[in-house]
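Structure data (TSV, C-alpha atoms) from input-v7.tsv:
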chain	number	residue	atom	x	y	z
B	1	MET	CA	21.16	230.38	29.37
B	2	THR	CA	20.26	228.81	32.72
B	3	ASN	CA	17.04	226.81	33.18
B	4	GLN	CA	15.74	229.53	35.51
B	5	ALA	CA	16.37	232.23	32.89
B	6	GLU	CA	14.64	230.14	30.25
B	7	HIS	CA	11.64	229.57	32.55
B	8	GLU	CA	11.40	233.31	33.12
B	9	ARG	CA	11.62	234.01	29.39
B	10	ILE	CA	8.83	231.50	28.62
B	11	ASN	CA	6.62	232.90	31.38
B	12	HIS	CA	7.16	236.45	30.10
B	13	VAL	CA	6.30	235.47	26.51
B	14	TYR	CA	3.10	233.69	27.52
B	15	ARG	CA	1.97	236.48	29.83
B	16	GLN	CA	2.27	238.89	26.90
B	17	TRP	CA	0.60	236.56	24.41
B	18	HIS	CA	-2.38	235.34	26.42
B	19	GLY	CA	-5.17	237.83	26.52
B	20	GLY	CA	-3.64	239.80	23.65
B	21	THR	CA	-4.99	240.49	20.18
B	22	ALA	CA	-2.95	237.59	18.74
B	23	LEU	CA	-5.38	235.17	20.37
B	24	ALA	CA	-8.12	236.26	17.95
B	25	ARG	CA	-6.43	234.20	15.23
B	26	TYR	CA	-7.06	231.07	17.28
B	27	ALA	CA	-10.72	231.64	18.17
B	28	TRP	CA	-12.54	228.30	18.28
B	29	HIS	CA	-15.16	229.31	15.68
B	30	ARG	CA	-12.79	230.37	12.89
B	31	PRO	CA	-13.12	227.97	9.91
B	32	GLU	CA	-9.41	227.15	9.74
B	33	ILE	CA	-9.30	226.42	13.49
B	34	VAL	CA	-12.32	224.14	13.21
B	35	HIS	CA	-10.62	222.30	10.35
B	36	GLN	CA	-7.29	222.03	12.21
B	37	SER	CA	-9.04	220.72	15.32
B	38	SER	CA	-10.80	218.09	13.25
B	39	GLN	CA	-7.58	216.93	11.59
B	40	ARG	CA	-5.75	216.82	14.88
B	41	ALA	CA	-8.50	214.78	16.55
B	42	ARG	CA	-8.52	212.28	13.68
B	43	VAL	CA	-4.75	211.72	13.80
B	44	LEU	CA	-4.52	211.57	17.60
B	45	SER	CA	-7.46	209.19	17.94
B	46	ARG	CA	-5.98	206.77	15.40
B	47	LEU	CA	-2.56	206.83	17.02
B	48	LEU	CA	-3.93	206.39	20.53
B	49	ALA	CA	-6.08	203.44	19.48
B	50	ALA	CA	-3.05	201.84	17.78
B	51	THR	CA	-0.71	202.40	20.75
B	52	VAL	CA	-2.32	202.56	24.20
B	53	GLY	CA	-5.45	200.85	22.86
B	54	PRO	CA	-9.08	201.74	22.14
B	55	ASP	CA	-10.22	201.42	25.79
B	56	LEU	CA	-8.96	204.46	27.70
B	57	SER	CA	-10.98	203.85	30.87
B	58	THR	CA	-7.95	202.76	32.93
B	59	LEU	CA	-5.46	205.12	31.28
B	60	ARG	CA	-3.06	207.02	33.53
B	61	ALA	CA	-2.01	210.09	31.55
B	62	LEU	CA	0.04	213.20	32.23
B	63	ASP	CA	-0.18	216.21	29.92
B	64	VAL	CA	2.86	218.48	30.26
B	65	GLY	CA	2.17	222.17	29.65
B	66	CYS	CA	-1.53	221.36	29.67
B	67	GLY	CA	-2.79	224.93	29.24
B	68	ASP	CA	-6.51	225.08	29.93
B	69	GLY	CA	-6.80	221.27	29.83
B	70	LEU	CA	-8.04	220.86	26.26
B	71	PHE	CA	-6.25	217.57	25.53
B	72	LEU	CA	-7.25	216.07	28.87
B	73	ARG	CA	-10.89	216.92	28.14
B	74	GLN	CA	-10.47	215.22	24.77
B	75	LEU	CA	-9.23	212.08	26.51
B	76	ILE	CA	-12.27	212.18	28.80
B	77	ASP	CA	-14.55	212.49	25.76
B	78	TRP	CA	-12.85	209.38	24.36
B	79	GLY	CA	-13.49	207.38	27.53
B	80	ALA	CA	-10.64	208.16	29.93
B	81	THR	CA	-11.53	208.29	33.63
B	82	PRO	CA	-10.83	211.81	34.99
B	83	GLY	CA	-9.23	210.46	38.17
B	84	GLY	CA	-6.46	208.87	36.12
B	85	LEU	CA	-5.46	212.12	34.42
B	86	ALA	CA	-3.09	214.91	35.43
B	87	GLY	CA	-1.77	218.12	33.90
B	88	THR	CA	1.21	220.35	34.64
B	89	GLU	CA	1.53	224.02	33.76
B	90	LEU	CA	3.81	226.99	34.48
B	91	GLN	CA	1.07	229.62	34.16
B	92	PRO	CA	-1.32	229.70	37.16
B	93	ASP	CA	-4.07	231.53	35.27
B	94	ARG	CA	-4.21	228.73	32.70
B	95	LEU	CA	-4.54	226.14	35.45
B	96	ASP	CA	-7.36	228.19	36.96
B	97	ARG	CA	-9.25	227.95	33.66
B	98	ALA	CA	-8.48	224.24	33.39
B	99	ARG	CA	-9.98	223.57	36.83
B	100	VAL	CA	-13.17	225.43	35.96
B	101	GLN	CA	-13.64	223.77	32.57
B	102	THR	CA	-12.60	220.18	33.36
B	103	ALA	CA	-13.94	217.33	35.52
B	104	PRO	CA	-13.02	217.99	39.19
B	105	SER	CA	-11.12	214.74	39.79
B	106	VAL	CA	-8.36	215.58	37.27
B	107	ARG	CA	-5.11	216.39	39.10
B	108	TRP	CA	-3.43	219.72	38.37
B	109	HIS	CA	0.15	220.69	39.23
B	110	LEU	CA	1.79	224.10	38.93
B	111	GLY	CA	5.44	223.54	38.09
B	112	LEU	CA	7.69	220.79	36.78
B	113	LEU	CA	7.40	217.00	36.81
B	114	ASP	CA	9.27	216.40	40.07
B	115	ALA	CA	5.95	215.81	41.87
B	116	PHE	CA	5.34	212.67	39.80
B	117	PRO	CA	7.06	209.36	40.65
B	118	ASP	CA	9.03	207.15	38.29
B	119	ASP	CA	7.13	204.75	35.99
B	120	SER	CA	3.76	206.16	37.09
B	121	VAL	CA	1.84	206.89	33.86
B	122	ASP	CA	0.83	205.05	30.71
B	123	LEU	CA	0.88	208.15	28.49
B	124	VAL	CA	2.83	211.38	28.84
B	125	SER	CA	2.13	214.12	26.31
B	126	ALA	CA	3.34	217.60	25.40
B	127	HIS	CA	1.47	219.73	22.88
B	128	THR	CA	3.40	222.67	21.38
B	129	VAL	CA	5.60	222.72	24.47
B	130	PHE	CA	9.06	221.90	23.14
B	131	SER	CA	8.88	224.53	20.39
B	132	SER	CA	8.44	227.14	23.13
B	133	ILE	CA	11.72	226.06	24.74
B	134	LEU	CA	14.72	227.59	22.97
B	135	ASP	CA	17.37	226.25	25.33
B	136	GLU	CA	18.67	222.85	24.18
B	137	ASP	CA	19.63	221.68	27.67
B	138	MET	CA	16.17	222.45	28.99
B	139	ARG	CA	14.56	220.55	26.12
B	140	ARG	CA	16.75	217.56	26.87
B	141	ALA	CA	16.00	217.73	30.60
B	142	LEU	CA	12.24	217.89	30.06
B	143	ALA	CA	12.38	214.96	27.64
B	144	ALA	CA	14.30	212.94	30.24
B	145	GLU	CA	11.74	213.79	32.93
B	146	MET	CA	8.88	212.73	30.65
B	147	TRP	CA	10.68	209.44	29.99
B	148	ARG	CA	11.25	208.99	33.74
B	149	VAL	CA	7.58	209.20	34.75
B	150	LEU	CA	6.50	206.89	31.91
B	151	ARG	CA	6.14	203.22	32.82
B	152	PRO	CA	7.82	200.54	30.67
B	153	GLY	CA	5.43	199.77	27.85
B	154	GLY	CA	3.90	203.26	28.03
B	155	TRP	CA	3.92	205.88	25.29
B	156	THR	CA	5.08	209.45	24.98
B	157	MET	CA	3.17	211.78	22.62
B	158	ILE	CA	4.66	214.96	21.18
B	159	PHE	CA	2.60	217.36	19.04
B	160	ASP	CA	4.58	220.30	17.70
B	161	PHE	CA	5.91	222.41	14.81
B	162	ARG	CA	7.87	221.03	11.86
B	163	TYR	CA	9.03	224.46	10.69
B	164	ASN	CA	10.35	227.64	12.23
B	165	ASN	CA	8.12	230.70	12.18
B	166	PRO	CA	10.18	233.61	10.75
B	167	ARG	CA	7.78	236.07	12.40
B	168	ASN	CA	8.07	234.57	15.86
B	169	PRO	CA	11.56	234.32	17.39
B	170	ASN	CA	10.11	232.89	20.59
B	171	VAL	CA	9.50	229.45	19.09
B	172	ARG	CA	11.77	226.92	17.39
B	173	LYS	CA	10.83	223.82	15.44
B	174	VAL	CA	11.37	220.31	16.80
B	175	SER	CA	13.29	218.16	14.34
B	176	GLU	CA	13.03	214.41	13.77
B	177	VAL	CA	16.69	214.14	14.78
B	178	GLU	CA	15.85	215.64	18.19
B	179	LEU	CA	12.87	213.36	18.65
B	180	LEU	CA	14.97	210.27	18.03
B	181	ARG	CA	17.71	211.57	20.31
B	182	PHE	CA	15.30	212.37	23.16
B	183	TRP	CA	13.13	209.24	22.84
B	184	PRO	CA	15.14	206.54	20.99
B	185	ALA	CA	12.49	203.83	20.93
B	186	GLU	CA	12.22	200.81	18.68
B	187	LYS	CA	8.45	201.23	18.44
B	188	ARG	CA	7.54	204.72	17.29
B	189	HIS	CA	5.15	206.59	15.01
B	190	TYR	CA	5.58	209.90	13.21
B	191	ARG	CA	2.66	211.61	11.43
B	192	THR	CA	2.51	215.05	9.82
B	193	LEU	CA	-0.71	217.06	9.71
B	194	MET	CA	-2.36	220.47	9.33
B	195	LEU	CA	-1.72	223.03	6.60
B	196	VAL	CA	0.80	225.77	7.29
B	197	PRO	CA	-1.18	228.55	9.02
B	198	PRO	CA	-0.85	231.34	6.40
B	199	LEU	CA	-2.24	229.05	3.68
B	200	SER	CA	-4.86	227.63	6.02
B	201	ARG	CA	-6.14	231.12	6.82
B	202	ALA	CA	-6.05	232.19	3.15
B	203	ILE	CA	-8.29	229.35	1.98
B	204	ALA	CA	-10.44	229.09	5.10
B	205	ARG	CA	-13.63	230.13	3.30
B	206	LEU	CA	-13.25	227.61	0.49
B	207	PRO	CA	-15.03	224.23	0.61
B	208	TRP	CA	-13.46	221.80	3.06
B	209	LEU	CA	-12.41	219.50	0.24
B	210	VAL	CA	-9.74	222.04	-0.81
B	211	PRO	CA	-7.69	222.04	2.42
B	212	GLU	CA	-8.29	218.31	2.82
B	213	LEU	CA	-6.82	217.59	-0.60
B	214	LEU	CA	-3.88	219.94	-0.11
B	215	THR	CA	-3.07	218.36	3.23
B	216	ALA	CA	-3.32	214.86	1.81
B	217	LEU	CA	-1.50	215.41	-1.48
B	218	VAL	CA	1.26	217.90	-0.57
B	219	PRO	CA	3.06	216.69	2.59
B	220	PRO	CA	5.58	219.60	2.69
B	221	LEU	CA	2.63	221.93	3.37
B	222	ARG	CA	1.90	220.19	6.67
B	223	SER	CA	3.13	222.40	9.50
B	224	HIS	CA	2.81	220.07	12.51
B	225	PHE	CA	3.62	216.52	13.52
B	226	VAL	CA	2.69	213.93	16.12
B	227	TYR	CA	5.45	211.66	17.41
B	228	MET	CA	4.76	208.69	19.67
B	229	ALA	CA	7.45	206.46	21.15
B	230	ARG	CA	7.12	203.37	23.36
B	231	LYS	CA	9.33	203.01	26.41
B	232	ASP	CA	10.80	199.51	26.55
Using structure tokens, write down the structure that the file contains.
Amino acid sequence: MTNQAEHERINHVYRQWHGGTALARYAWHRPEIVHQSSQRARVLSRLLAATVGPDLSTLRALDVGCGDGLFLRQLIDWGATPGGLAGTELQPDRLDRARVQTAPSVRWHLGLLDAFPDDSVDLVSAHTVFSSILDEDMRRALAAEMWRVLRPGGWTMIFDFRYNNPRNPNVRKVSEVELLRFWPAEKRHYRTLMLVPPLSRAIARLPWLVPELLTALVPPLRSHFVYMARKD
């Protein structure tokens, strides 16, 4: 499969998915989504403080496949200056929403990372991006581009799936072997988080202590991971 064919496949999948009934499962007010968002924020905040540092005011960050800008808004909430942030996206309608919802000085780019110079950011992130790419060569090329724009001493952040979804052939898990092959850094962190979605939805109405304990005590039930690697 060529990169162009894979781009077209991804665009087609997302055009079908966004605005469809499947989005109802991810509504912001659903109990399991609230719980997942809380877990994710806790893990990301701890890792960011331990890697790039607790003061994000001078952070230069690029979020690849930024969607509507959710992670960049989170960085702003944690103290990042909007003018130091940028997001890339393949779907123009998602960038339109990001512009409306996010501070105006954030930079948005429709397309790939070729618009960004070498060694230009302190943090480059991709949230559930690689699992949407089925082509191995395209995964490898994107990882190399992310590494290129990252300055020495900067960190890459990958948030994605640990497991395949048997009901969704349009996504594929990202393995630890791939992570180490794409970003072979001496300094790295790997954290698992969030209950597998079917279980999370099934127990959503139970007290919060139940999913918290399951997540903490049964690591195989965690469906996602965060991987951070430092570029030497």
Using atom CA of B:Phe71 and atom CA of B:Gly83 as the two end points, give the distance in Å to one decimal. 14.8 Å
With 12 Å as the cut-off and all atoms listed in the file counted, what is the closest atom pair between each nearby residue of stretch 179-217 of chain B and stretch 162-168 of chain B? Distances in Å to one decimal, ordered by chain and number, as CSV.
residue,atom,partner,partner_atom,distance
B:Leu179,CA,B:Arg162,CA,11.4
B:Tyr190,CA,B:Arg162,CA,11.4
B:Arg191,CA,B:Arg162,CA,10.8
B:Thr192,CA,B:Arg162,CA,8.3
B:Leu193,CA,B:Arg162,CA,9.7
B:Met194,CA,B:Arg162,CA,10.6
B:Leu195,CA,B:Arg162,CA,11.1
B:Val196,CA,B:Tyr163,CA,9.0
B:Pro197,CA,B:Asn165,CA,10.1
B:Pro198,CA,B:Asn165,CA,10.7
Produce a file of the selected residues containing C-alpha atoms, as a CSV table (one decimal), in the coordinates of the input.
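Dumped to result-v2.csv:
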chain,number,residue,atom,x,y,z
B,179,LEU,CA,12.9,213.4,18.6
B,190,TYR,CA,5.6,209.9,13.2
B,191,ARG,CA,2.7,211.6,11.4
B,192,THR,CA,2.5,215.0,9.8
B,193,LEU,CA,-0.7,217.1,9.7
B,194,MET,CA,-2.4,220.5,9.3
B,195,LEU,CA,-1.7,223.0,6.6
B,196,VAL,CA,0.8,225.8,7.3
B,197,PRO,CA,-1.2,228.6,9.0
B,198,PRO,CA,-0.8,231.3,6.4
With distances taken over only C-alpha atoms, the candidate from B:Thr51, B:Gln101, B:Thr156, B:Ser120 nearest B:Gly67 is B:Gln101
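You can rank B:Glu145, B:Leu56, B:Pro92, B:Trp208 by their closest distance to B:Asp68 using all atoms listed in the file, and at the top of that list sits B:Pro92.
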I'd like the contact shell of B:Asp160 - 9 Å cut-off, all atoms listed in the file, skipping same-chain residues fewer than 5 positions apart - returned as an MDAnalysis selection string. chainID B and resid 126:131 173:174 223:227
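Reported to one decimal place, the separation of atom CA of B:Ala229 from atom CA of B:Leu44 is 13.5 Å.
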What does the distance from atom CA of B:Ser175 to atom CA of B:Cys66 come to in Å, to one decimal? 21.6 Å
Select, from B:Pro31, B:Pro169, B:Gly69, B:Pro211, the residue with the minimum atom-to-atom distance to B:Ile133, counting all atoms listed in the file. B:Pro169
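When all atoms listed in the file are used to compute distances to B:Thr88, the closest of the residues B:Met146, B:Ile33, B:Glu136, B:Ala24 turns out to be B:Met146.
Of the residues listed (B:Phe161, B:Arg151, B:Ala185, B:Leu62), B:Leu62 shows the shortest atom-to-atom separation from B:Ala115; distances use all atoms listed in the file.
Distance check against B:Arg60 using all atoms listed in the file: of B:Leu47, B:Val210, B:Leu72, B:Leu180, the minimum falls on B:Leu72.
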Hey, could you patch up stretch 180-200 of chain B with N, CA, C and O atoms and hand it over as an mmCIF file, in the frame of the given file?
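Okay, this is what ended up in result.cif:
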data_model
loop_
_atom_site.group_PDB
_atom_site.id
_atom_site.type_symbol
_atom_site.label_atom_id
_atom_site.label_comp_id
_atom_site.auth_asym_id
_atom_site.auth_seq_id
_atom_site.Cartn_x
_atom_site.Cartn_y
_atom_site.Cartn_z
ATOM 1 N N LEU B 180 14.300 211.565 17.904
ATOM 2 C CA LEU B 180 14.970 210.270 18.030
ATOM 3 C C LEU B 180 16.062 210.293 19.090
ATOM 4 O O LEU B 180 16.330 209.269 19.725
ATOM 5 N N ARG B 181 16.674 211.453 19.279
ATOM 6 C CA ARG B 181 17.710 211.570 20.310
ATOM 7 C C ARG B 181 17.087 211.585 21.709
ATOM 8 O O ARG B 181 17.613 210.971 22.640
ATOM 9 N N PHE B 182 15.955 212.264 21.850
ATOM 10 C CA PHE B 182 15.300 212.370 23.160
ATOM 11 C C PHE B 182 14.585 211.076 23.547
ATOM 12 O O PHE B 182 14.584 210.689 24.704
ATOM 13 N N TRP B 183 13.926 210.439 22.558
ATOM 14 C CA TRP B 183 13.130 209.240 22.840
ATOM 15 C C TRP B 183 13.495 208.160 21.816
ATOM 16 O O TRP B 183 12.743 207.895 20.873
ATOM 17 N N PRO B 184 14.646 207.499 21.991
ATOM 18 C CA PRO B 184 15.140 206.540 20.990
ATOM 19 C C PRO B 184 14.486 205.164 21.139
ATOM 20 O O PRO B 184 15.097 204.207 21.617
ATOM 21 N N ALA B 185 13.243 205.064 20.738
ATOM 22 C CA ALA B 185 12.490 203.830 20.930
ATOM 23 C C ALA B 185 12.444 202.996 19.658
ATOM 24 O O ALA B 185 12.452 203.532 18.545
ATOM 25 N N GLU B 186 12.374 201.698 19.836
ATOM 26 C CA GLU B 186 12.220 200.810 18.680
ATOM 27 C C GLU B 186 10.831 200.965 18.065
ATOM 28 O O GLU B 186 10.687 200.969 16.843
ATOM 29 N N LYS B 187 9.808 201.064 18.920
ATOM 30 C CA LYS B 187 8.450 201.230 18.440
ATOM 31 C C LYS B 187 8.082 202.711 18.496
ATOM 32 O O LYS B 187 8.028 203.303 19.572
ATOM 33 N N ARG B 188 7.855 203.299 17.344
ATOM 34 C CA ARG B 188 7.540 204.720 17.290
ATOM 35 C C ARG B 188 6.695 205.019 16.057
ATOM 36 O O ARG B 188 6.690 204.264 15.088
ATOM 37 N N HIS B 189 5.997 206.134 16.117
ATOM 38 C CA HIS B 189 5.150 206.590 15.010
ATOM 39 C C HIS B 189 5.382 208.079 14.802
ATOM 40 O O HIS B 189 5.521 208.836 15.771
ATOM 41 N N TYR B 190 5.409 208.485 13.555
ATOM 42 C CA TYR B 190 5.580 209.900 13.210
ATOM 43 C C TYR B 190 4.564 210.236 12.119
ATOM 44 O O TYR B 190 4.567 209.607 11.058
ATOM 45 N N ARG B 191 3.684 211.194 12.397
ATOM 46 C CA ARG B 191 2.660 211.610 11.430
ATOM 47 C C ARG B 191 2.701 213.121 11.287
ATOM 48 O O ARG B 191 2.817 213.843 12.283
ATOM 49 N N THR B 192 2.603 213.608 10.063
ATOM 50 C CA THR B 192 2.510 215.050 9.820
ATOM 51 C C THR B 192 1.058 215.404 9.536
ATOM 52 O O THR B 192 0.284 214.590 9.025
ATOM 53 N N LEU B 193 0.681 216.648 9.843
ATOM 54 C CA LEU B 193 -0.710 217.060 9.710
ATOM 55 C C LEU B 193 -0.818 218.577 9.698
ATOM 56 O O LEU B 193 0.136 219.280 10.029
ATOM 57 N N MET B 194 -1.961 219.067 9.290
ATOM 58 C CA MET B 194 -2.360 220.470 9.330
ATOM 59 C C MET B 194 -1.585 221.355 8.343
ATOM 60 O O MET B 194 -0.352 221.358 8.338
ATOM 61 N N LEU B 195 -2.330 222.097 7.541
ATOM 62 C CA LEU B 195 -1.720 223.030 6.600
ATOM 63 C C LEU B 195 -0.980 224.146 7.320
ATOM 64 O O LEU B 195 -1.385 224.559 8.408
ATOM 65 N N VAL B 196 0.088 224.635 6.706
ATOM 66 C CA VAL B 196 0.800 225.770 7.290
ATOM 67 C C VAL B 196 -0.199 226.914 7.505
ATOM 68 O O VAL B 196 -1.055 227.181 6.659
ATOM 69 N N PRO B 197 -0.140 227.589 8.656
ATOM 70 C CA PRO B 197 -1.180 228.550 9.020
ATOM 71 C C PRO B 197 -1.474 229.650 8.003
ATOM 72 O O PRO B 197 -2.652 229.948 7.767
ATOM 73 N N PRO B 198 -0.477 230.287 7.364
ATOM 74 C CA PRO B 198 -0.850 231.340 6.400
ATOM 75 C C PRO B 198 -1.735 230.820 5.267
ATOM 76 O O PRO B 198 -2.705 231.480 4.868
ATOM 77 N N LEU B 199 -1.421 229.634 4.751
ATOM 78 C CA LEU B 199 -2.240 229.050 3.680
ATOM 79 C C LEU B 199 -3.595 228.629 4.226
ATOM 80 O O LEU B 199 -4.634 228.841 3.573
ATOM 81 N N SER B 200 -3.601 228.056 5.420
ATOM 82 C CA SER B 200 -4.860 227.630 6.020
ATOM 83 C C SER B 200 -5.817 228.801 6.202
ATOM 84 O O SER B 200 -7.010 228.688 5.914
#
